[in-house]
file structure_25.pdb (PDB, C-alpha atoms)
ATOM      1  CA  GLY A  90     -32.198   3.990 -50.294  1.00  0.00           C
ATOM      2  CA  GLN A  91     -29.056   4.149 -52.382  1.00  0.00           C
ATOM      3  CA  GLN A  92     -29.263   1.778 -55.321  1.00  0.00           C
ATOM      4  CA  LEU A  93     -26.444   0.131 -57.182  1.00  0.00           C
ATOM      5  CA  ASN A  94     -26.185   0.359 -60.955  1.00  0.00           C
ATOM      6  CA  GLN A  95     -25.122  -2.964 -62.363  1.00  0.00           C
ATOM      7  CA  SER A  96     -24.207  -3.584 -65.994  1.00  0.00           C
ATOM      8  CA  PRO A  97     -24.622  -5.180 -68.353  1.00  0.00           C
ATOM      9  CA  GLN A  98     -28.139  -6.401 -67.738  1.00  0.00           C
ATOM     10  CA  SER A  99     -27.490  -9.577 -69.714  1.00  0.00           C
ATOM     11  CA  MET A 100     -24.691 -11.252 -71.643  1.00  0.00           C
ATOM     12  CA  PHE A 101     -24.628 -14.024 -74.218  1.00  0.00           C
ATOM     13  CA  ILE A 102     -21.172 -15.491 -74.727  1.00  0.00           C
ATOM     14  CA  GLN A 103     -19.442 -18.533 -76.149  1.00  0.00           C
ATOM     15  CA  GLU A 104     -17.859 -21.097 -73.879  1.00  0.00           C
ATOM     16  CA  GLY A 105     -14.237 -20.180 -73.287  1.00  0.00           C
ATOM     17  CA  GLU A 106     -14.743 -16.428 -73.503  1.00  0.00           C
ATOM     18  CA  ASP A 107     -13.949 -14.037 -70.662  1.00  0.00           C
ATOM     19  CA  VAL A 108     -16.726 -12.023 -69.018  1.00  0.00           C
ATOM     20  CA  SER A 109     -16.684  -8.702 -67.226  1.00  0.00           C
ATOM     21  CA  MET A 110     -19.481  -6.991 -65.300  1.00  0.00           C
ATOM     22  CA  ASN A 111     -19.486  -4.013 -62.977  1.00  0.00           C
ATOM     23  CA  CYS A 112     -21.401  -2.142 -60.355  1.00  0.00           C
ATOM     24  CA  THR A 113     -21.353   1.573 -59.611  1.00  0.00           C
ATOM     25  CA  SER A 114     -22.899   3.895 -57.076  1.00  0.00           C
ATOM     26  CA  SER A 115     -22.928   7.594 -56.325  1.00  0.00           C
ATOM     27  CA  SER A 116     -22.303   6.789 -52.657  1.00  0.00           C
ATOM     28  CA  ILE A 117     -19.386   5.192 -50.886  1.00  0.00           C
ATOM     29  CA  PHE A 118     -19.636   1.592 -49.795  1.00  0.00           C
ATOM     30  CA  ASN A 119     -17.339  -0.134 -47.324  1.00  0.00           C
ATOM     31  CA  THR A 120     -18.058  -3.672 -48.406  1.00  0.00           C
ATOM     32  CA  TRP A 121     -18.655  -5.036 -51.861  1.00  0.00           C
ATOM     33  CA  LEU A 122     -19.955  -8.532 -52.460  1.00  0.00           C
ATOM     34  CA  TRP A 123     -20.619 -10.599 -55.534  1.00  0.00           C
ATOM     35  CA  TYR A 124     -23.275 -13.325 -55.521  1.00  0.00           C
ATOM     36  CA  LYS A 125     -24.422 -15.878 -58.083  1.00  0.00           C
ATOM     37  CA  GLN A 126     -27.987 -17.145 -58.253  1.00  0.00           C
ATOM     38  CA  ASP A 127     -28.771 -20.366 -60.081  1.00  0.00           C
ATOM     39  CA  PRO A 128     -32.340 -20.958 -61.282  1.00  0.00           C
ATOM     40  CA  GLY A 129     -34.610 -21.950 -58.396  1.00  0.00           C
ATOM     41  CA  GLU A 130     -31.938 -21.307 -55.768  1.00  0.00           C
ATOM     42  CA  GLY A 131     -30.902 -18.551 -53.403  1.00  0.00           C
ATOM     43  CA  PRO A 132     -27.907 -16.285 -54.062  1.00  0.00           C
ATOM     44  CA  VAL A 133     -24.552 -17.833 -53.177  1.00  0.00           C
ATOM     45  CA  LEU A 134     -21.602 -15.685 -52.176  1.00  0.00           C
ATOM     46  CA  LEU A 135     -18.713 -15.729 -54.661  1.00  0.00           C
ATOM     47  CA  ILE A 136     -16.329 -13.029 -53.469  1.00  0.00           C
ATOM     48  CA  ALA A 137     -16.329 -10.498 -50.626  1.00  0.00           C
ATOM     49  CA  LEU A 138     -14.235  -7.313 -50.744  1.00  0.00           C
ATOM     50  CA  TYR A 139     -13.551  -5.191 -47.673  1.00  0.00           C
ATOM     51  CA  LYS A 140     -10.810  -2.748 -48.663  1.00  0.00           C
ATOM     52  CA  ALA A 141     -10.552  -0.074 -51.354  1.00  0.00           C
ATOM     53  CA  GLY A 142      -8.284  -1.276 -54.167  1.00  0.00           C
ATOM     54  CA  GLU A 143      -8.532  -4.888 -53.045  1.00  0.00           C
ATOM     55  CA  LEU A 144      -8.274  -7.462 -55.835  1.00  0.00           C
ATOM     56  CA  THR A 145      -9.463 -10.939 -54.904  1.00  0.00           C
ATOM     57  CA  SER A 146      -9.651 -14.163 -56.885  1.00  0.00           C
ATOM     58  CA  ASN A 147     -11.736 -17.262 -56.437  1.00  0.00           C
ATOM     59  CA  GLY A 148     -10.749 -19.788 -59.104  1.00  0.00           C
ATOM     60  CA  ARG A 149     -11.633 -18.304 -62.475  1.00  0.00           C
ATOM     61  CA  LEU A 150     -13.351 -15.348 -60.816  1.00  0.00           C
ATOM     62  CA  THR A 151     -11.622 -12.086 -59.984  1.00  0.00           C
ATOM     63  CA  ALA A 152     -13.244  -9.078 -58.342  1.00  0.00           C
ATOM     64  CA  GLN A 153     -11.937  -5.659 -57.410  1.00  0.00           C
ATOM     65  CA  PHE A 154     -13.066  -3.049 -54.919  1.00  0.00           C
ATOM     66  CA  GLY A 155     -12.763   0.294 -56.678  1.00  0.00           C
ATOM     67  CA  ILE A 156     -10.312   2.808 -55.262  1.00  0.00           C
ATOM     68  CA  THR A 157     -13.053   5.444 -54.955  1.00  0.00           C
ATOM     69  CA  ARG A 158     -15.195   2.956 -52.966  1.00  0.00           C
ATOM     70  CA  LYS A 159     -18.027   3.648 -55.391  1.00  0.00           C
ATOM     71  CA  ASP A 160     -17.591   0.740 -57.760  1.00  0.00           C
ATOM     72  CA  SER A 161     -16.593  -2.878 -58.174  1.00  0.00           C
ATOM     73  CA  PHE A 162     -16.118  -5.264 -61.053  1.00  0.00           C
ATOM     74  CA  LEU A 163     -16.240  -9.029 -61.481  1.00  0.00           C
ATOM     75  CA  ASN A 164     -14.356 -10.913 -64.178  1.00  0.00           C
ATOM     76  CA  ILE A 165     -14.883 -14.537 -65.144  1.00  0.00           C
ATOM     77  CA  SER A 166     -12.178 -16.083 -67.265  1.00  0.00           C
ATOM     78  CA  ALA A 167     -12.583 -19.002 -69.677  1.00  0.00           C
ATOM     79  CA  SER A 168     -16.323 -19.324 -69.111  1.00  0.00           C
ATOM     80  CA  ILE A 169     -17.967 -22.745 -68.944  1.00  0.00           C
ATOM     81  CA  PRO A 170     -21.641 -23.756 -69.263  1.00  0.00           C
ATOM     82  CA  SER A 171     -22.122 -24.004 -65.484  1.00  0.00           C
ATOM     83  CA  ASP A 172     -21.307 -20.286 -65.183  1.00  0.00           C
ATOM     84  CA  VAL A 173     -24.852 -19.645 -66.412  1.00  0.00           C
ATOM     85  CA  GLY A 174     -26.935 -17.756 -63.883  1.00  0.00           C
ATOM     86  CA  ILE A 175     -27.621 -14.303 -62.514  1.00  0.00           C
ATOM     87  CA  TYR A 176     -24.737 -12.428 -60.909  1.00  0.00           C
ATOM     88  CA  PHE A 177     -25.542  -9.795 -58.305  1.00  0.00           C
ATOM     89  CA  CYS A 178     -23.317  -7.154 -56.820  1.00  0.00           C
ATOM     90  CA  ALA A 179     -24.144  -5.981 -53.323  1.00  0.00           C
ATOM     91  CA  GLY A 180     -22.779  -3.188 -51.215  1.00  0.00           C
ATOM     92  CA  ARG A 181     -22.923  -2.303 -47.584  1.00  0.00           C
ATOM     93  CA  GLN A 182     -22.131   1.013 -45.941  1.00  0.00           C
ATOM     94  CA  TYR A 183     -20.284   1.129 -42.635  1.00  0.00           C
ATOM     95  CA  ASN A 184     -22.517   1.116 -39.537  1.00  0.00           C
ATOM     96  CA  ASN A 185     -25.436   0.264 -41.707  1.00  0.00           C
ATOM     97  CA  ASN A 186     -26.820  -3.223 -41.686  1.00  0.00           C
ATOM     98  CA  ASP A 187     -28.709  -2.549 -44.872  1.00  0.00           C
ATOM     99  CA  MET A 188     -27.200  -4.284 -47.879  1.00  0.00           C
ATOM    100  CA  ARG A 189     -28.147  -2.961 -51.322  1.00  0.00           C
ATOM    101  CA  PHE A 190     -28.219  -5.170 -54.390  1.00  0.00           C
ATOM    102  CA  GLY A 191     -27.676  -4.411 -58.042  1.00  0.00           C
ATOM    103  CA  ALA A 192     -30.326  -5.482 -60.524  1.00  0.00           C
ATOM    104  CA  GLY A 193     -28.237  -8.476 -61.630  1.00  0.00           C
ATOM    105  CA  THR A 194     -26.396  -9.556 -64.774  1.00  0.00           C
ATOM    106  CA  ARG A 195     -27.947 -12.553 -66.485  1.00  0.00           C
ATOM    107  CA  LEU A 196     -25.202 -14.663 -68.064  1.00  0.00           C
ATOM    108  CA  THR A 197     -25.825 -17.207 -70.815  1.00  0.00           C
ATOM    109  CA  VAL A 198     -22.951 -19.391 -72.001  1.00  0.00           C
ATOM    110  CA  LYS A 199     -23.300 -21.238 -75.305  1.00  0.00           C
ATOM    111  CA  PRO A 200     -21.379 -24.499 -75.540  1.00  0.00           C
TER     112      PRO A 200
ATOM    113  CA  ASP B 154     -26.186 -29.906 -43.558  1.00  0.00           C
ATOM    114  CA  THR B 155     -28.415 -27.039 -44.607  1.00  0.00           C
ATOM    115  CA  ALA B 156     -27.131 -23.689 -43.352  1.00  0.00           C
ATOM    116  CA  VAL B 157     -30.222 -21.549 -43.961  1.00  0.00           C
ATOM    117  CA  SER B 158     -33.474 -23.395 -44.582  1.00  0.00           C
ATOM    118  CA  GLN B 159     -36.933 -22.125 -45.447  1.00  0.00           C
ATOM    119  CA  THR B 160     -40.353 -23.731 -45.544  1.00  0.00           C
ATOM    120  CA  PRO B 161     -42.349 -24.083 -47.621  1.00  0.00           C
ATOM    121  CA  LYS B 162     -40.430 -23.939 -50.891  1.00  0.00           C
ATOM    122  CA  TYR B 163     -43.628 -23.263 -52.835  1.00  0.00           C
ATOM    123  CA  LEU B 164     -46.790 -21.563 -51.620  1.00  0.00           C
ATOM    124  CA  VAL B 165     -49.868 -21.061 -53.777  1.00  0.00           C
ATOM    125  CA  THR B 166     -52.797 -19.345 -52.111  1.00  0.00           C
ATOM    126  CA  GLN B 167     -55.861 -17.227 -52.723  1.00  0.00           C
ATOM    127  CA  MET B 168     -56.005 -13.470 -52.371  1.00  0.00           C
ATOM    128  CA  GLY B 169     -57.094 -12.423 -48.887  1.00  0.00           C
ATOM    129  CA  ASN B 170     -55.622 -15.421 -47.098  1.00  0.00           C
ATOM    130  CA  ASP B 171     -53.066 -15.273 -44.288  1.00  0.00           C
ATOM    131  CA  LYS B 172     -49.872 -17.314 -44.618  1.00  0.00           C
ATOM    132  CA  SER B 173     -46.552 -17.813 -42.857  1.00  0.00           C
ATOM    133  CA  ILE B 174     -43.067 -18.636 -44.104  1.00  0.00           C
ATOM    134  CA  LYS B 175     -40.506 -20.096 -41.733  1.00  0.00           C
ATOM    135  CA  CYS B 176     -36.747 -19.689 -41.695  1.00  0.00           C
ATOM    136  CA  GLU B 177     -34.082 -21.402 -39.629  1.00  0.00           C
ATOM    137  CA  GLN B 178     -30.300 -21.066 -39.638  1.00  0.00           C
ATOM    138  CA  ASN B 179     -27.839 -23.429 -37.986  1.00  0.00           C
ATOM    139  CA  LEU B 180     -24.797 -21.207 -38.474  1.00  0.00           C
ATOM    140  CA  GLY B 181     -24.955 -19.610 -35.039  1.00  0.00           C
ATOM    141  CA  HIS B 182     -25.435 -16.189 -36.630  1.00  0.00           C
ATOM    142  CA  ASP B 183     -26.808 -13.207 -34.717  1.00  0.00           C
ATOM    143  CA  THR B 184     -28.613 -11.468 -37.555  1.00  0.00           C
ATOM    144  CA  MET B 185     -31.350 -12.678 -39.885  1.00  0.00           C
ATOM    145  CA  TYR B 186     -33.065 -11.024 -42.826  1.00  0.00           C
ATOM    146  CA  TRP B 187     -36.021 -11.270 -45.135  1.00  0.00           C
ATOM    147  CA  TYR B 188     -35.685 -10.234 -48.781  1.00  0.00           C
ATOM    148  CA  LYS B 189     -38.251 -10.051 -51.572  1.00  0.00           C
ATOM    149  CA  GLN B 190     -37.221 -10.851 -55.148  1.00  0.00           C
ATOM    150  CA  ASP B 191     -39.677  -9.677 -57.778  1.00  0.00           C
ATOM    151  CA  SER B 192     -40.304 -11.072 -61.249  1.00  0.00           C
ATOM    152  CA  LYS B 193     -37.439  -8.988 -62.627  1.00  0.00           C
ATOM    153  CA  LYS B 194     -35.099 -10.642 -60.103  1.00  0.00           C
ATOM    154  CA  PHE B 195     -34.556  -7.442 -58.155  1.00  0.00           C
ATOM    155  CA  LEU B 196     -33.638  -8.209 -54.532  1.00  0.00           C
ATOM    156  CA  LYS B 197     -34.927  -5.849 -51.864  1.00  0.00           C
ATOM    157  CA  ILE B 198     -34.452  -6.119 -48.129  1.00  0.00           C
ATOM    158  CA  MET B 199     -37.625  -6.141 -46.053  1.00  0.00           C
ATOM    159  CA  PHE B 200     -36.574  -6.769 -42.461  1.00  0.00           C
ATOM    160  CA  SER B 201     -33.506  -7.442 -40.394  1.00  0.00           C
ATOM    161  CA  TYR B 202     -33.354  -8.867 -36.880  1.00  0.00           C
ATOM    162  CA  ASN B 203     -30.346  -8.921 -34.582  1.00  0.00           C
ATOM    163  CA  ASN B 204     -30.559 -11.090 -31.464  1.00  0.00           C
ATOM    164  CA  LYS B 205     -34.338 -11.255 -31.842  1.00  0.00           C
ATOM    165  CA  GLU B 206     -34.704  -7.475 -32.127  1.00  0.00           C
ATOM    166  CA  LEU B 207     -35.923  -5.652 -35.206  1.00  0.00           C
ATOM    167  CA  ILE B 208     -33.213  -3.377 -36.601  1.00  0.00           C
ATOM    168  CA  ILE B 209     -34.322  -2.745 -40.177  1.00  0.00           C
ATOM    169  CA  ASN B 210     -37.871  -2.292 -41.326  1.00  0.00           C
ATOM    170  CA  GLU B 211     -37.980  -1.021 -44.857  1.00  0.00           C
ATOM    171  CA  THR B 212     -41.132   0.424 -46.346  1.00  0.00           C
ATOM    172  CA  VAL B 213     -43.190  -2.725 -46.183  1.00  0.00           C
ATOM    173  CA  PRO B 214     -46.979  -2.900 -45.713  1.00  0.00           C
ATOM    174  CA  ASN B 215     -48.188  -3.603 -42.184  1.00  0.00           C
ATOM    175  CA  ARG B 216     -49.635  -6.847 -43.500  1.00  0.00           C
ATOM    176  CA  PHE B 217     -46.103  -8.251 -43.276  1.00  0.00           C
ATOM    177  CA  SER B 218     -45.051  -9.084 -39.739  1.00  0.00           C
ATOM    178  CA  PRO B 219     -41.764 -10.800 -38.908  1.00  0.00           C
ATOM    179  CA  LYS B 220     -41.379 -12.786 -35.722  1.00  0.00           C
ATOM    180  CA  SER B 221     -38.148 -14.049 -34.206  1.00  0.00           C
ATOM    181  CA  PRO B 222     -38.767 -16.589 -31.424  1.00  0.00           C
ATOM    182  CA  ASP B 223     -35.012 -17.076 -31.008  1.00  0.00           C
ATOM    183  CA  LYS B 224     -31.748 -16.178 -32.739  1.00  0.00           C
ATOM    184  CA  ALA B 225     -31.933 -19.168 -35.065  1.00  0.00           C
ATOM    185  CA  HIS B 226     -35.432 -18.501 -36.389  1.00  0.00           C
ATOM    186  CA  LEU B 227     -37.108 -15.674 -38.240  1.00  0.00           C
ATOM    187  CA  ASN B 228     -40.615 -16.253 -39.514  1.00  0.00           C
ATOM    188  CA  LEU B 229     -42.627 -14.036 -41.833  1.00  0.00           C
ATOM    189  CA  HIS B 230     -46.377 -13.794 -41.480  1.00  0.00           C
ATOM    190  CA  ILE B 231     -48.415 -12.147 -44.209  1.00  0.00           C
ATOM    191  CA  ASN B 232     -52.021 -11.082 -43.665  1.00  0.00           C
ATOM    192  CA  SER B 233     -54.640 -10.442 -46.341  1.00  0.00           C
ATOM    193  CA  LEU B 234     -52.448 -11.539 -49.221  1.00  0.00           C
ATOM    194  CA  GLU B 235     -52.616  -9.471 -52.404  1.00  0.00           C
ATOM    195  CA  LEU B 236     -51.729 -10.311 -56.002  1.00  0.00           C
ATOM    196  CA  GLY B 237     -48.665  -8.043 -55.806  1.00  0.00           C
ATOM    197  CA  ASP B 238     -47.251 -10.128 -52.986  1.00  0.00           C
ATOM    198  CA  SER B 239     -46.401 -12.859 -55.496  1.00  0.00           C
ATOM    199  CA  ALA B 240     -42.618 -13.109 -55.477  1.00  0.00           C
ATOM    200  CA  VAL B 241     -39.757 -15.188 -54.166  1.00  0.00           C
ATOM    201  CA  TYR B 242     -38.973 -14.505 -50.516  1.00  0.00           C
ATOM    202  CA  PHE B 243     -35.446 -15.191 -49.312  1.00  0.00           C
ATOM    203  CA  CYS B 244     -34.267 -15.534 -45.768  1.00  0.00           C
ATOM    204  CA  ALA B 245     -30.601 -14.789 -45.013  1.00  0.00           C
ATOM    205  CA  SER B 246     -28.325 -14.655 -41.996  1.00  0.00           C
ATOM    206  CA  SER B 247     -25.013 -13.112 -41.032  1.00  0.00           C
ATOM    207  CA  GLN B 248     -22.741 -12.992 -38.026  1.00  0.00           C
ATOM    208  CA  GLY B 249     -22.768  -9.534 -36.526  1.00  0.00           C
ATOM    209  CA  LEU B 250     -24.111  -6.317 -37.953  1.00  0.00           C
ATOM    210  CA  VAL B 251     -21.441  -4.446 -39.839  1.00  0.00           C
ATOM    211  CA  GLY B 252     -19.757  -5.570 -43.022  1.00  0.00           C
ATOM    212  CA  GLU B 253     -20.568  -9.233 -42.605  1.00  0.00           C
ATOM    213  CA  THR B 254     -21.504 -11.407 -45.524  1.00  0.00           C
ATOM    214  CA  GLN B 255     -24.990 -12.817 -45.709  1.00  0.00           C
ATOM    215  CA  TYR B 256     -25.875 -16.423 -46.446  1.00  0.00           C
ATOM    216  CA  PHE B 257     -29.153 -17.020 -48.222  1.00  0.00           C
ATOM    217  CA  GLY B 258     -31.780 -19.713 -47.956  1.00  0.00           C
ATOM    218  CA  PRO B 259     -33.217 -21.446 -51.038  1.00  0.00           C
ATOM    219  CA  GLY B 260     -36.245 -19.147 -51.242  1.00  0.00           C
ATOM    220  CA  THR B 261     -40.022 -19.512 -50.930  1.00  0.00           C
ATOM    221  CA  ARG B 262     -41.951 -19.031 -54.149  1.00  0.00           C
ATOM    222  CA  LEU B 263     -45.248 -17.379 -53.275  1.00  0.00           C
ATOM    223  CA  LEU B 264     -48.021 -17.186 -55.841  1.00  0.00           C
ATOM    224  CA  VAL B 265     -51.192 -15.347 -54.934  1.00  0.00           C
ATOM    225  CA  LEU B 266     -54.172 -16.100 -57.168  1.00  0.00           C
TER     226      LEU B 266
END
call {"tool": "encode", "arguments": {"input": "structure_25.pdb", "output": "structure tokens"}}
result
Amino acid sequence: GQQLNQSPQSMFIQEGEDVSMNCTSSSIFNTWLWYKQDPGEGPVLLIALYKAGELTSNGRLTAQFGITRKDSFLNISASIPSDVGIYFCAGRQYNNNDMRFGAGTRLTVKP
Amino acid sequence: DTAVSQTPKYLVTQMGNDKSIKCEQNLGHDTMYWYKQDSKKFLKIMFSYNNKELIINETVPNRFSPKSPDKAHLNLHINSLELGDSAVYFCASSQGLVGETQYFGPGTRLLVL
């Protein structure tokens, strides 16, 4: 199945810094989702995007659905220690119940 | 109130054994899923059920058999466990089939010795 390319694989940043990660694919997706997974927990939905070009915010998080429908990015502003975790992008194609996940971006925030 | 729950949270067993993992959702969703997350944290869908009917069955060994007694439950039975089955298994649910967001359970950590 079509895989999503997520980058970077990991990030080490200082508290207060902004973070950006992205996901790309060679195929078109009709839904893009961003999840966060804390250690020992299941992924939790952060932002869902349903329309090409859509820019959506959730507190300090902002995500965009790429205009080509083949990519999405997630920005975190003014990072804090509790932002630590693994961030996954996920995409779904129309009329396909199969959701594909990126390999994850592991974020470490140093106080 | 737990939306998607799984039992057990941890499962340690010997190679060759048969085990089951249970999943329940109280969100009233129509569709439930099983995912496998390997040691590198890569999430891969295994099965998807909509209204108790199988709609996705990825390339998964026949030793894995999902069972959905009703819309709120999707159990995963694994026969003849192998070392490579060690992983975290996540259950998820969503309302409807197309473009709906999925809500994940806390995961079952399976270790096969």
call {"tool": "atom_distance", "arguments": {"input": "structure_25.pdb", "atom1": "atom CA of Val165 of chain B", "atom2": "atom CA of Leu266 of chain B"}}
result
7.4 Å
call {"tool": "atom_distance", "arguments": {"input": "structure_25.pdb", "atom1": "atom CA of Trp121 of chain A", "atom2": "atom CA of Gln153 of chain A"}}
result
8.7 Å
call {"tool": "atom_distance", "arguments": {"input": "structure_25.pdb", "atom1": "atom CA of Tyr186 of chain B", "atom2": "atom CA of Gly174 of chain A"}}
result
22.9 Å
call {"tool": "closest_atom_pairs", "arguments": {"input": "structure_25.pdb", "of": "chain B", "to": "chain A", "cutoff": "9 Å", "atoms": "only C-alpha atoms", "output": "Markdown table"}}
result
| residue | atom | partner | partner_atom | distance |
| --- | --- | --- | --- | --- |
| B:Lys193 | CA | A:Ala192 | CA | 8.2 |
| B:Lys194 | CA | A:Ala192 | CA | 7.0 |
| B:Phe195 | CA | A:Ala192 | CA | 5.2 |
| B:Leu196 | CA | A:Phe190 | CA | 6.2 |
| B:Lys197 | CA | A:Phe190 | CA | 7.2 |
| B:Ile198 | CA | A:Met188 | CA | 7.5 |
| B:Ser201 | CA | A:Asn186 | CA | 8.0 |
| B:Ile208 | CA | A:Asn186 | CA | 8.2 |
| B:Ile209 | CA | A:Asp187 | CA | 7.3 |
| B:Phe243 | CA | A:Gly131 | CA | 7.0 |
| B:Cys244 | CA | A:Gly131 | CA | 8.9 |
| B:Leu250 | CA | A:Asn186 | CA | 5.6 |
| B:Val251 | CA | A:Asn184 | CA | 5.7 |
| B:Gly252 | CA | A:Thr120 | CA | 6.0 |
| B:Glu253 | CA | A:Thr120 | CA | 8.4 |
| B:Thr254 | CA | A:Ala137 | CA | 7.3 |
| B:Gln255 | CA | A:Leu134 | CA | 7.8 |
| B:Tyr256 | CA | A:Val133 | CA | 7.0 |
| B:Phe257 | CA | A:Gly131 | CA | 5.7 |
| B:Gly258 | CA | A:Gly131 | CA | 5.6 |
| B:Pro259 | CA | A:Gly131 | CA | 4.4 |
| B:Gly260 | CA | A:Gly131 | CA | 5.8 |
| B:Arg262 | CA | A:Gly129 | CA | 9.0 |
call {"tool": "resolve_selection", "arguments": {"input": "structure_25.pdb", "expression": "the PyMOL selection byres ((chain A and resi 160) around 9)", "output": "list in words"}}
result
Leu93, Asn111, Cys112, Thr113, Ser114, Ser115, Ile117, Phe118, Trp121, Gln153, Phe154, Gly155, Ile156, Thr157, Arg158, Lys159, Ser161 and Phe162 of chain A
call {"tool": "resolve_selection", "arguments": {"input": "structure_25.pdb", "expression": "the PyMOL selection byres ((chain A and resi 167) around 8)", "output": "short mmCIF file (atom, residue, chain, number, x, y, z; two decimals) with C-alpha atoms, in the frame of the given file"}}
result
data_model
loop_
_atom_site.label_atom_id
_atom_site.label_comp_id
_atom_site.auth_asym_id
_atom_site.auth_seq_id
_atom_site.Cartn_x
_atom_site.Cartn_y
_atom_site.Cartn_z
CA GLU A 104 -17.86 -21.10 -73.88
CA GLY A 105 -14.24 -20.18 -73.29
CA GLU A 106 -14.74 -16.43 -73.50
CA ASP A 107 -13.95 -14.04 -70.66
CA ARG A 149 -11.63 -18.30 -62.48
CA ILE A 165 -14.88 -14.54 -65.14
CA SER A 166 -12.18 -16.08 -67.26
CA SER A 168 -16.32 -19.32 -69.11
CA ILE A 169 -17.97 -22.74 -68.94
#
call {"tool": "axis_aligned_box", "arguments": {"input": "structure_25.pdb", "around": "segment 192-211 of chain B", "padding_each_side": "5 Å", "output": "AutoDock Vina command-line options"}}
result
--center_x -35.3 --center_y -6.1 --center_z -47.0 --size_x 20.0 --size_y 20.2 --size_z 41.2
call {"tool": "closest_residue", "arguments": {"input": "structure_25.pdb", "among": "A:Thr197, A:Ser171, A:Asn147, A:Ser96", "to": "Met110 of chain A", "atoms": "all atoms listed in the file"}}
result
A:Ser96
call {"tool": "residues_around", "arguments": {"input": "structure_25.pdb", "residues": "Lys224 of chain B", "least_positions_apart": "3", "cutoff": "7 Å", "atoms": "all atoms listed in the file", "output": "list in words"}}
result
Asp183, Asn204, Lys205 and Ser221 of chain B
call {"tool": "residues_near_point", "arguments": {"input": "structure_25.pdb", "point": "(-39.4, -24.0, -44.0)", "cutoff": "7 Å", "atoms": "all atoms listed in the file", "output": "ChimeraX atom specification"}}
result
/B:158-162,174-176
call {"tool": "resolve_selection", "arguments": {"input": "structure_25.pdb", "expression": "the PyMOL selection byres ((chain B and resi 223) around 12)", "output": "list of chain:residue names"}}
result
B:Cys176, B:Glu177, B:Gln178, B:Asn179, B:Gly181, B:His182, B:Asp183, B:Thr184, B:Met185, B:Tyr202, B:Asn203, B:Asn204, B:Lys205, B:Glu206, B:Lys220, B:Ser221, B:Pro222, B:Lys224, B:Ala225, B:His226, B:Leu227, B:Asn228
